[in-house]
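For reference, coords21.txt (compact mmCIF, C-alpha atoms):
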```
# COMPACT_ATOMS: atom_id res chain seq x y z
CA MET A 51 310.43 66.28 60.56
CA LYS A 52 310.96 62.69 61.72
CA VAL A 53 314.02 61.74 63.79
CA LEU A 54 314.96 58.11 64.36
CA VAL A 55 316.88 57.52 67.60
CA ALA A 56 318.67 54.34 68.67
CA ASP A 57 320.19 54.02 72.13
CA ASP A 58 320.16 51.02 74.50
CA ASP A 59 320.53 53.24 77.59
CA ASP A 60 317.03 54.02 78.88
CA ILE A 61 318.07 57.31 80.48
CA PHE A 62 319.87 58.71 77.44
CA ARG A 63 317.12 57.45 75.10
CA SER A 64 314.49 59.24 77.16
CA LEU A 65 316.60 62.39 77.41
CA VAL A 66 317.28 62.57 73.66
CA THR A 67 313.60 61.93 72.95
CA GLU A 68 312.57 64.68 75.35
CA VAL A 69 315.06 67.25 73.99
CA LEU A 70 314.15 66.61 70.35
CA THR A 71 310.40 66.39 70.99
CA GLU A 72 310.50 69.72 72.79
CA GLY A 73 312.45 71.03 69.80
CA GLY A 74 309.49 70.21 67.58
CA TYR A 75 310.64 66.90 66.09
CA GLU A 76 308.62 63.71 65.74
CA VAL A 77 310.84 61.15 67.47
CA SER A 78 310.85 57.37 67.12
CA ALA A 79 313.23 55.87 69.71
CA HIS A 80 314.50 52.28 69.77
CA GLU A 81 316.60 50.25 72.18
CA ASN A 82 318.93 48.65 69.65
CA GLY A 83 320.21 49.08 66.12
CA ARG A 84 318.24 46.22 64.61
CA LEU A 85 314.90 47.68 65.71
CA ALA A 86 315.95 51.11 64.44
CA TRP A 87 317.02 49.72 61.06
CA GLU A 88 313.71 47.82 60.73
CA HIS A 89 311.80 50.98 61.62
CA LEU A 90 313.73 53.01 59.07
CA GLN A 91 312.88 50.57 56.28
CA ALA A 92 309.21 50.41 57.28
CA GLU A 93 308.46 54.00 58.23
CA GLY A 94 311.38 56.09 56.97
CA ALA A 95 313.02 59.03 58.76
CA ASP A 96 314.50 62.42 57.91
CA ILE A 97 317.37 62.39 60.41
CA VAL A 98 319.01 59.54 62.36
CA VAL A 99 320.68 59.76 65.79
CA LEU A 100 322.70 56.65 66.69
CA ASP A 101 324.43 55.45 69.82
CA VAL A 102 327.40 53.21 68.99
CA ASN A 103 327.48 50.44 71.60
CA MET A 104 324.16 48.61 71.37
CA PRO A 105 323.10 44.94 71.43
CA GLU A 106 321.98 43.01 68.32
CA MET A 107 323.20 45.66 65.86
CA ASP A 108 325.51 48.50 66.91
CA GLY A 109 325.47 52.04 65.58
CA PHE A 110 328.18 51.38 63.02
CA GLY A 111 326.16 48.43 61.70
CA VAL A 112 323.13 50.64 61.18
CA LEU A 113 325.31 53.33 59.61
CA ALA A 114 326.84 50.77 57.20
CA ASN A 115 323.35 49.62 56.19
CA ILE A 116 322.23 53.21 55.58
CA ARG A 117 325.29 54.20 53.55
CA GLY A 118 325.11 50.99 51.52
CA ASP A 119 321.54 51.60 50.39
CA ALA A 120 320.79 54.24 47.74
CA ARG A 121 317.26 54.69 49.15
CA TYR A 122 318.84 56.57 52.02
CA LYS A 123 321.19 58.68 49.92
CA GLY A 124 321.90 61.87 51.84
CA LEU A 125 320.06 60.77 55.00
CA PRO A 126 321.84 62.75 57.75
CA VAL A 127 323.27 60.64 60.59
CA LEU A 128 324.55 61.97 63.92
CA MET A 129 326.52 59.58 66.13
CA LEU A 130 325.84 60.21 69.83
CA THR A 131 328.16 58.12 71.94
CA ILE A 132 330.30 57.81 75.01
CA ARG A 133 333.26 56.84 72.78
CA ALA A 134 335.26 60.07 72.77
CA PHE A 135 338.68 58.94 71.53
CA ALA A 136 339.94 60.53 68.33
CA GLU A 137 340.12 57.07 66.72
CA ASP A 138 336.40 56.53 67.42
CA GLN A 139 335.48 59.88 65.91
CA VAL A 140 337.61 59.20 62.83
CA LEU A 141 335.93 55.81 62.43
CA GLY A 142 332.51 57.47 62.73
CA TYR A 143 333.18 60.12 60.08
CA ASP A 144 335.02 57.74 57.76
CA SER A 145 332.08 55.31 58.00
CA GLY A 146 329.71 57.98 56.72
CA ALA A 147 328.46 59.88 59.79
CA ASP A 148 327.59 63.54 59.24
CA ASP A 149 328.24 64.58 62.82
CA TYR A 150 329.62 63.08 66.03
CA LEU A 151 328.70 64.22 69.51
CA THR A 152 330.02 62.67 72.71
CA LYS A 153 328.12 61.94 75.92
CA PRO A 154 327.45 63.58 78.25
CA PHE A 155 326.08 66.29 75.98
CA ASP A 156 324.52 69.68 76.43
CA ASN A 157 320.83 69.61 75.51
CA ASP A 158 320.98 72.88 73.55
CA VAL A 159 324.04 71.75 71.58
CA LEU A 160 322.34 68.46 70.66
CA LEU A 161 319.26 70.33 69.49
CA ALA A 162 321.36 72.87 67.56
CA ARG A 163 323.32 70.11 65.80
CA VAL A 164 320.11 68.32 64.77
CA LYS A 165 318.79 71.65 63.47
CA VAL A 166 321.94 71.96 61.33
CA LEU A 167 321.13 68.57 59.78
CA GLU A 168 317.53 69.69 59.22
CA ARG A 169 318.72 72.89 57.54
CA ARG A 170 320.88 70.90 55.13
CA ILE A 171 317.83 68.86 54.09
CA LEU A 172 315.72 71.97 53.56
CA ASN A 173 318.48 73.75 51.60
CA ARG A 174 319.01 70.93 49.10
CA MET B 819 334.25 75.90 35.50
CA ILE B 820 333.04 75.21 39.03
CA LYS B 821 335.87 75.05 41.57
CA PHE B 822 336.10 73.77 45.12
CA ALA B 823 338.29 75.25 47.85
CA LEU B 824 338.86 75.50 51.59
CA TRP B 825 339.47 78.85 53.27
CA LEU B 826 340.96 79.59 56.69
CA ILE B 827 339.99 82.92 58.19
CA THR B 828 341.93 83.67 61.35
CA PRO B 829 344.38 86.29 62.57
CA ASP B 830 346.29 83.46 64.28
CA ALA B 831 349.21 82.90 61.87
CA ASP B 832 350.51 79.86 63.76
CA LEU B 833 347.17 78.09 63.60
CA SER B 834 346.58 78.89 59.93
CA ALA B 835 350.09 77.61 59.07
CA ARG B 836 349.47 74.38 61.01
CA TRP B 837 346.05 73.69 59.46
CA TYR B 838 347.33 74.70 56.03
CA ARG B 839 349.96 71.96 56.30
CA VAL B 840 347.33 69.45 57.45
CA PHE B 841 344.98 70.26 54.56
CA SER B 842 347.78 70.42 51.99
CA ARG B 843 348.85 66.89 52.94
CA GLU B 844 345.34 65.82 51.89
CA CYS B 845 345.66 67.81 48.62
CA PHE B 846 342.83 70.19 49.58
CA GLN B 847 343.23 73.53 47.83
CA THR B 848 343.48 75.90 50.81
CA LEU B 849 343.46 79.70 50.94
CA ILE B 850 344.33 81.75 54.01
CA CYS B 851 342.69 85.06 54.98
CA ALA B 852 343.71 87.09 58.02
CA SER B 853 340.29 88.71 58.25
CA VAL B 854 336.73 88.35 56.92
CA ALA B 855 337.33 91.38 54.68
CA GLU B 856 339.96 89.42 52.73
CA PHE B 857 337.50 86.63 51.93
CA LYS B 858 336.38 87.23 48.35
CA PRO B 859 335.50 83.93 46.64
CA ASP B 860 334.60 83.80 42.94
CA ALA B 861 330.92 83.32 42.19
CA ASP B 862 331.64 79.87 40.75
CA THR B 863 333.74 78.67 43.68
CA TRP B 864 332.14 76.31 46.18
CA GLY B 865 333.67 75.24 49.42
CA LEU B 866 334.22 75.18 53.15
CA VAL B 867 335.28 78.23 55.11
CA PHE B 868 336.83 77.76 58.56
CA VAL B 869 336.30 81.01 60.46
CA GLU B 870 337.57 81.83 63.92
CA ALA B 871 334.84 83.11 66.22
CA GLY B 872 335.92 86.56 67.25
CA ALA B 873 337.85 87.27 64.04
CA GLU B 874 337.39 90.82 62.82
CA GLY B 875 333.97 90.99 61.15
CA LEU B 876 332.81 87.78 62.79
CA GLY B 877 332.48 88.56 66.45
CA SER B 878 328.94 87.35 66.90
CA PRO B 879 326.39 84.85 65.52
CA ALA B 880 324.49 87.78 63.98
CA GLU B 881 327.60 88.74 61.99
CA LEU B 882 327.90 85.14 60.82
CA ALA B 883 324.32 85.22 59.50
CA ALA B 884 325.16 88.41 57.57
CA PHE B 885 328.42 86.88 56.32
CA LEU B 886 326.58 83.83 54.92
CA LYS B 887 323.79 85.79 53.28
CA GLY B 888 323.87 85.26 49.52
CA ARG B 889 326.66 82.68 49.76
CA LYS B 890 324.68 79.48 49.34
CA HIS B 891 327.66 77.56 47.93
CA ILE B 892 329.74 78.27 51.03
CA SER B 893 329.56 76.10 54.14
CA ALA B 894 330.89 77.69 57.36
CA ILE B 895 332.74 75.90 60.12
CA ILE B 896 333.38 78.05 63.17
CA PHE B 897 336.26 77.42 65.54
CA CYS B 898 337.76 78.95 68.65
CA PRO B 899 340.25 78.09 71.40
CA PRO B 900 338.84 75.74 74.10
CA ALA B 901 339.17 78.47 76.74
CA LYS B 902 336.75 80.70 74.83
CA ALA B 903 334.19 78.04 73.93
CA SER B 904 330.93 77.53 75.78
CA ASN B 905 327.84 75.49 75.02
CA GLN B 906 325.89 78.72 74.68
CA LEU B 907 328.35 80.09 72.09
CA ILE B 908 328.39 76.81 70.14
CA SER B 909 324.58 76.62 70.03
CA ALA B 910 324.28 80.27 69.01
CA PHE B 911 326.66 79.93 66.05
CA LEU B 912 325.07 76.67 64.90
CA GLU B 913 321.63 78.27 65.06
CA SER B 914 322.91 81.23 63.04
CA GLY B 915 323.93 79.20 60.02
CA ALA B 916 327.24 77.53 60.89
CA ASP B 917 327.50 73.94 59.67
CA ASP B 918 329.83 72.95 62.45
CA PHE B 919 331.69 74.29 65.48
CA ILE B 920 335.08 72.87 66.39
CA LEU B 921 337.82 73.64 68.87
CA SER B 922 341.18 74.83 67.58
CA ASP B 923 343.02 72.06 69.45
CA LEU B 924 341.03 69.38 67.61
CA ASP B 925 343.03 66.26 66.84
CA GLU B 926 344.40 66.56 63.29
CA LYS B 927 343.05 63.16 62.25
CA VAL B 928 339.57 64.13 63.43
CA LEU B 929 339.90 67.48 61.65
CA ILE B 930 340.65 65.68 58.39
CA SER B 931 337.82 63.15 58.84
CA LYS B 932 335.35 65.90 59.69
CA THR B 933 336.47 67.93 56.68
CA ARG B 934 336.11 64.90 54.41
CA ALA B 935 332.57 64.37 55.80
CA HIS B 936 331.65 67.97 54.95
CA ILE B 937 333.13 67.65 51.46
CA ARG B 938 331.26 64.36 50.97
CA ARG B 939 328.05 66.18 51.86
CA LEU B 940 328.73 69.05 49.47
CA LEU B 941 329.94 66.97 46.52
CA PRO B 942 326.56 65.61 45.33
CA SER B 943 325.38 69.19 44.74
CA LEU B 944 328.69 70.02 43.14
CA ASN B 945 328.55 66.92 40.93
CA SER B 946 324.98 67.71 40.00
CA ALA B 947 326.02 71.20 38.99
CA ARG B 948 328.93 69.81 37.01
CA THR B 949 326.64 67.35 35.14
CA GLN B 950 329.59 65.07 34.47
CA ILE B 951 330.02 61.74 36.19
CA CYS B 952 333.10 59.53 35.99
CA SER B 953 333.64 56.01 37.27
CA ARG B 954 335.96 55.79 40.25
CA CYS B 955 338.86 54.48 38.16
CA GLY B 956 338.17 57.03 35.43
CA ASP B 957 337.47 54.65 32.54
CA ILE B 958 333.84 55.75 32.06
CA ALA B 959 332.76 59.36 31.44
CA LEU B 960 329.10 60.32 31.31
CA ASP B 961 327.82 63.82 30.55
CA LYS B 962 324.23 64.32 31.65
CA ALA B 963 323.86 67.65 29.85
CA ARG B 964 325.15 66.45 26.48
CA ARG B 965 323.82 62.93 27.10
CA THR B 966 327.04 61.32 25.99
CA LEU B 967 328.72 58.23 27.33
CA LYS B 968 332.30 57.07 26.76
CA THR B 969 333.85 53.82 27.91
CA GLY B 970 337.49 52.79 27.98
CA VAL B 971 338.47 56.43 28.51
CA GLY B 972 342.21 56.93 28.18
CA SER B 973 342.83 53.53 26.62
CA LYS B 974 343.03 52.19 23.07
CA LYS B 975 339.53 50.78 23.53
CA GLU B 976 337.92 54.19 24.14
CA LYS B 977 334.59 54.50 22.38
CA THR B 978 331.39 56.51 22.50
CA ILE B 979 328.23 54.56 23.22
CA GLU B 980 325.46 56.00 21.04
CA THR B 981 322.87 53.27 21.13
CA LEU B 982 321.30 53.83 24.55
CA THR B 983 317.67 54.90 24.77
CA PRO B 984 316.90 57.85 27.09
CA LYS B 985 315.64 55.49 29.81
CA GLU B 986 318.72 53.26 29.55
CA PHE B 987 320.95 56.35 29.74
CA ASP B 988 319.14 57.59 32.86
CA ILE B 989 319.35 54.18 34.54
CA PHE B 990 323.08 53.95 33.87
CA SER B 991 323.59 57.53 35.13
CA LEU B 992 322.10 56.53 38.47
CA LEU B 993 324.06 53.28 38.71
CA LEU B 994 327.30 55.12 37.89
CA ALA B 995 326.57 57.95 40.33
CA HIS B 996 326.02 55.31 43.04
CA GLU B 997 328.97 53.11 42.06
CA GLU B 998 329.40 50.18 44.50
CA GLU B 999 326.05 50.97 46.20
CA VAL B 1000 322.82 49.01 45.87
CA VAL B 1001 320.28 50.97 43.82
CA SER B 1002 316.80 49.61 44.43
CA ARG B 1003 314.24 49.06 41.69
CA GLY B 1004 311.92 51.44 43.55
CA TYR B 1005 314.54 54.20 43.47
CA LEU B 1006 315.12 53.65 39.75
CA MET B 1007 311.37 53.86 39.14
CA GLU B 1008 311.05 57.14 41.03
CA GLU B 1009 314.11 58.78 39.50
CA VAL B 1010 313.76 57.60 35.90
CA TRP B 1011 309.99 57.38 35.40
CA LYS B 1012 309.21 60.14 37.96
CA ASP B 1013 305.45 60.87 38.02
CA LYS B 1014 304.76 57.84 35.83
CA SER B 1015 306.53 55.48 38.22
CA GLY B 1016 303.22 54.07 39.44
CA LYS B 1017 302.56 52.65 35.98
CA VAL B 1018 305.89 50.82 35.79
CA ASN B 1019 306.47 47.30 37.08
CA THR B 1020 309.74 45.68 38.09
CA GLU B 1021 309.82 43.50 34.95
CA THR B 1022 310.02 46.68 32.84
CA ILE B 1023 313.10 47.82 34.76
CA ASP B 1024 314.70 44.39 34.54
CA LYS B 1025 314.14 44.40 30.78
CA HIS B 1026 315.76 47.84 30.38
CA VAL B 1027 318.75 46.77 32.47
CA GLU B 1028 319.16 43.58 30.44
CA THR B 1029 319.25 45.57 27.19
CA LEU B 1030 321.60 48.09 28.80
CA ARG B 1031 324.00 45.28 29.78
CA ASN B 1032 324.06 43.95 26.23
CA LYS B 1033 324.76 47.38 24.75
CA LEU B 1034 327.61 48.09 27.19
CA GLY B 1035 329.46 44.84 26.45
CA ASP B 1036 332.23 44.20 29.01
CA TYR B 1037 331.03 47.16 31.06
CA GLY B 1038 327.52 45.69 31.11
CA ARG B 1039 328.83 42.71 33.04
CA LYS B 1040 329.77 45.10 35.83
CA ILE B 1041 326.07 45.76 36.48
CA ARG B 1042 325.20 43.10 39.05
CA THR B 1043 321.74 42.06 40.18
CA VAL B 1044 321.28 42.20 43.96
CA TYR B 1045 318.68 39.54 44.69
CA GLY B 1046 315.50 41.01 46.16
CA SER B 1047 316.80 44.60 46.07
CA GLY B 1048 317.95 46.00 42.77
CA TYR B 1049 321.24 46.54 41.01
CA THR B 1050 324.77 47.68 41.73
CA PHE B 1051 327.51 48.89 39.39
CA LYS B 1052 330.89 47.49 40.38
CA GLY B 1053 333.38 49.44 38.30
CA GLY B 1054 336.42 47.85 39.90
CA GLU B 1055 339.88 48.72 38.58
CA ARG B 1056 341.11 49.33 35.08
```

Using structure tokens, write down the structure from this file.
Amino acid sequence: MKVLVADDDDIFRSLVTEVLTEGGYEVSAHENGRLAWEHLQAEGADIVVLDVNMPEMDGFGVLANIRGDARYKGLPVLMLTIRAFAEDQVLGYDSGADDYLTKPFDNDVLLARVKVLERRILNR
Amino acid sequence: MIKFALWLITPDADLSARWYRVFSRECFQTLICASVAEFKPDADTWGLVFVEAGAEGLGSPAELAAFLKGRKHISAIIFCPPAKASNQLISAFLESGADDFILSDLDEKVLISKTRAHIRRLLPSLNSARTQICSRCGDIALDKARRTLKTGVGSKKEKTIETLTPKEFDIFSLLLAHEEEVVSRGYLMEEVWKDKSGKVNTETIDKHVETLRNKLGDYGRKIRTVYGSGYTFKGGER
């Protein structure tokens, strides 16, 4: 199961990669939204984990591209961000995110939430 | 007839009354149960069940797994007061089949957005089961099972389109199901021609779409070409 991760923070990107890799996922991590979007179109992914504040293309930009393209119909997206205000979460869900987790996060909860997204794919 | 509903299972009457008001404002059909034993959905009812962790019959993740067994059309969202929540508890319920875990003091706007996201996720399966697709403004009705298509629904111009070939019907089904989204030629090939998609070229698809546009008249003009990508159906307003 391939997970695409986009986060401009080196520490969080490494941590997410480590948690998901140890959880058995094949992770492709990128430092901005544009690189992640290009990777998605070239290589595909089963699940996407997006930070919001990133240079070049932010997480909402990537999410808008995904939800506007029928090739990625049903592709699960989890927003993983420091933006914890209710307004930010509403914007995330209303823009098409499947889940929204705020930083700092618990490693086990992140892994469990990604597993929920995986289960939805397998149960379709 | 397949139905869709939300259920609240909690012994906390104040909370269920508050969330009932929130969901009712959004016109979600909501049913309240004081305990898991009261939860008895019809076999043809799909939906979301909000269950309080610790409610009678749902005290542990293992009980959740048993509760969900055989209920594949039901998606469970577990909640509890912040004082009782822990990362260990959240992970355990998620791993046992819950689709989400929320806190009972969750902001009402976030609760609604989250609920809409879950419904959005469940609706494609529900729509697929229903076999009927309507345009957003309701003027087009397509029945995949009966393979019928009506335009101008509810107006004096209502008519049944009977001239589409099976391929044209399938292409329009996909464009209508993805109204306002870009549907790539590759996706159309895979979904319409399936295992023969490798033998189809883009010109074939363009030709089918051109014929489809002509047969649909005014509605055909709502099928727009997206340069370099594919097509999009822009139903607009009546």

So, counting only C-alpha atoms, which residue among B:Lys1033, B:Arg934, B:Lys858, B:His1026 is closest to Glu980 in chain B?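 Once distances to Glu980 in chain B are computed over only C-alpha atoms, the minimum belongs to B:Lys1033.
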
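The coordinates place CA of Glu68 in chain A at 25.2 Å from CA of Gln139 in chain A.
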
What lies within 10 Å of Val102 in chain A using all atoms listed in the file, ignoring chain neighbours under 5 positions off, as a PDB file with C-alpha atoms, in the coordinates of the input?
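Saved the output as selection.pdb:
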```pdb
ATOM      1  CA  ALA A  56     318.670  54.340  68.670  1.00  0.00           C
ATOM      2  CA  ASP A  57     320.190  54.020  72.130  1.00  0.00           C
ATOM      3  CA  ASP A  58     320.160  51.020  74.500  1.00  0.00           C
ATOM      4  CA  ASN A  82     318.930  48.650  69.650  1.00  0.00           C
ATOM      5  CA  GLY A  83     320.210  49.080  66.120  1.00  0.00           C
ATOM      6  CA  MET A 107     323.200  45.660  65.860  1.00  0.00           C
ATOM      7  CA  ASP A 108     325.510  48.500  66.910  1.00  0.00           C
ATOM      8  CA  GLY A 109     325.470  52.040  65.580  1.00  0.00           C
ATOM      9  CA  PHE A 110     328.180  51.380  63.020  1.00  0.00           C
ATOM     10  CA  GLY A 111     326.160  48.430  61.700  1.00  0.00           C
ATOM     11  CA  VAL A 112     323.130  50.640  61.180  1.00  0.00           C
ATOM     12  CA  LEU A 113     325.310  53.330  59.610  1.00  0.00           C
ATOM     13  CA  MET A 129     326.520  59.580  66.130  1.00  0.00           C
ATOM     14  CA  LEU A 130     325.840  60.210  69.830  1.00  0.00           C
ATOM     15  CA  THR A 131     328.160  58.120  71.940  1.00  0.00           C
ATOM     16  CA  ILE A 132     330.300  57.810  75.010  1.00  0.00           C
ATOM     17  CA  ARG A 133     333.260  56.840  72.780  1.00  0.00           C
ATOM     18  CA  ASP A 138     336.400  56.530  67.420  1.00  0.00           C
ATOM     19  CA  GLY A 142     332.510  57.470  62.730  1.00  0.00           C
TER      20      GLY A 142
END
```

Check which residues of chain B sit at most 6 Å from chain A using only C-alpha atoms, and return one row each with the closest pair of atoms and their distance in Å to one decimal, ordered by chain and rising number, as a tab-separated table.
```
residue	atom	partner	partner_atom	distance
B:Ser909	CA	A:Val159	CA	5.1
B:Leu912	CA	A:Ala162	CA	5.9
B:Glu913	CA	A:Ala162	CA	6.0
B:Val928	CA	A:Val140	CA	5.3
B:Ser931	CA	A:Val140	CA	5.6
B:Glu999	CA	A:Gly118	CA	5.4
B:Val1000	CA	A:Asp119	CA	5.4
B:Val1001	CA	A:Ala120	CA	5.1
```

Would you compute the distance between CA of Gly875 in chain B and CA of Arg839 in chain B? Give it in Å to one decimal.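 Value for the CA of Gly875 in chain B-CA of Arg839 in chain B distance: 25.3 Å.
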
Work out how far apart CA of Ala894 in chain B and CA of Thr67 in chain A are and give it in Å to one decimal.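 CA of Ala894 in chain B sits 28.1 Å away from CA of Thr67 in chain A.
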
Considering only C-alpha atoms, state which residue in the set B:Ala861, B:Leu1030, B:Val971, B:Ile1041 is at the smallest distance from His996 in chain B.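 Counting only C-alpha atoms, the residue closest to His996 in chain B is B:Ile1041.
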
Considering only C-alpha atoms, return as a ChimeraX atom specification whatever protein or nucleic-acid residues lie within 12 Å of Asp988 in chain B, sequence-local ones (same chain, fewer than 6 positions apart) excluded. /B:960-963,965-967,982,994-995,1006-1012,1023,1026-1027,1030

Box in all listed atoms of range 1026-1037 of chain B, axis-aligned, with 4 Å more on each side; write out centre and edge lengths in Å to one decimal as lines of an AutoDock Vina configuration file.
```
center_x = 324.0
center_y = 45.8
center_z = 28.6
size_x = 24.5
size_y = 12.5
size_z = 15.7
```
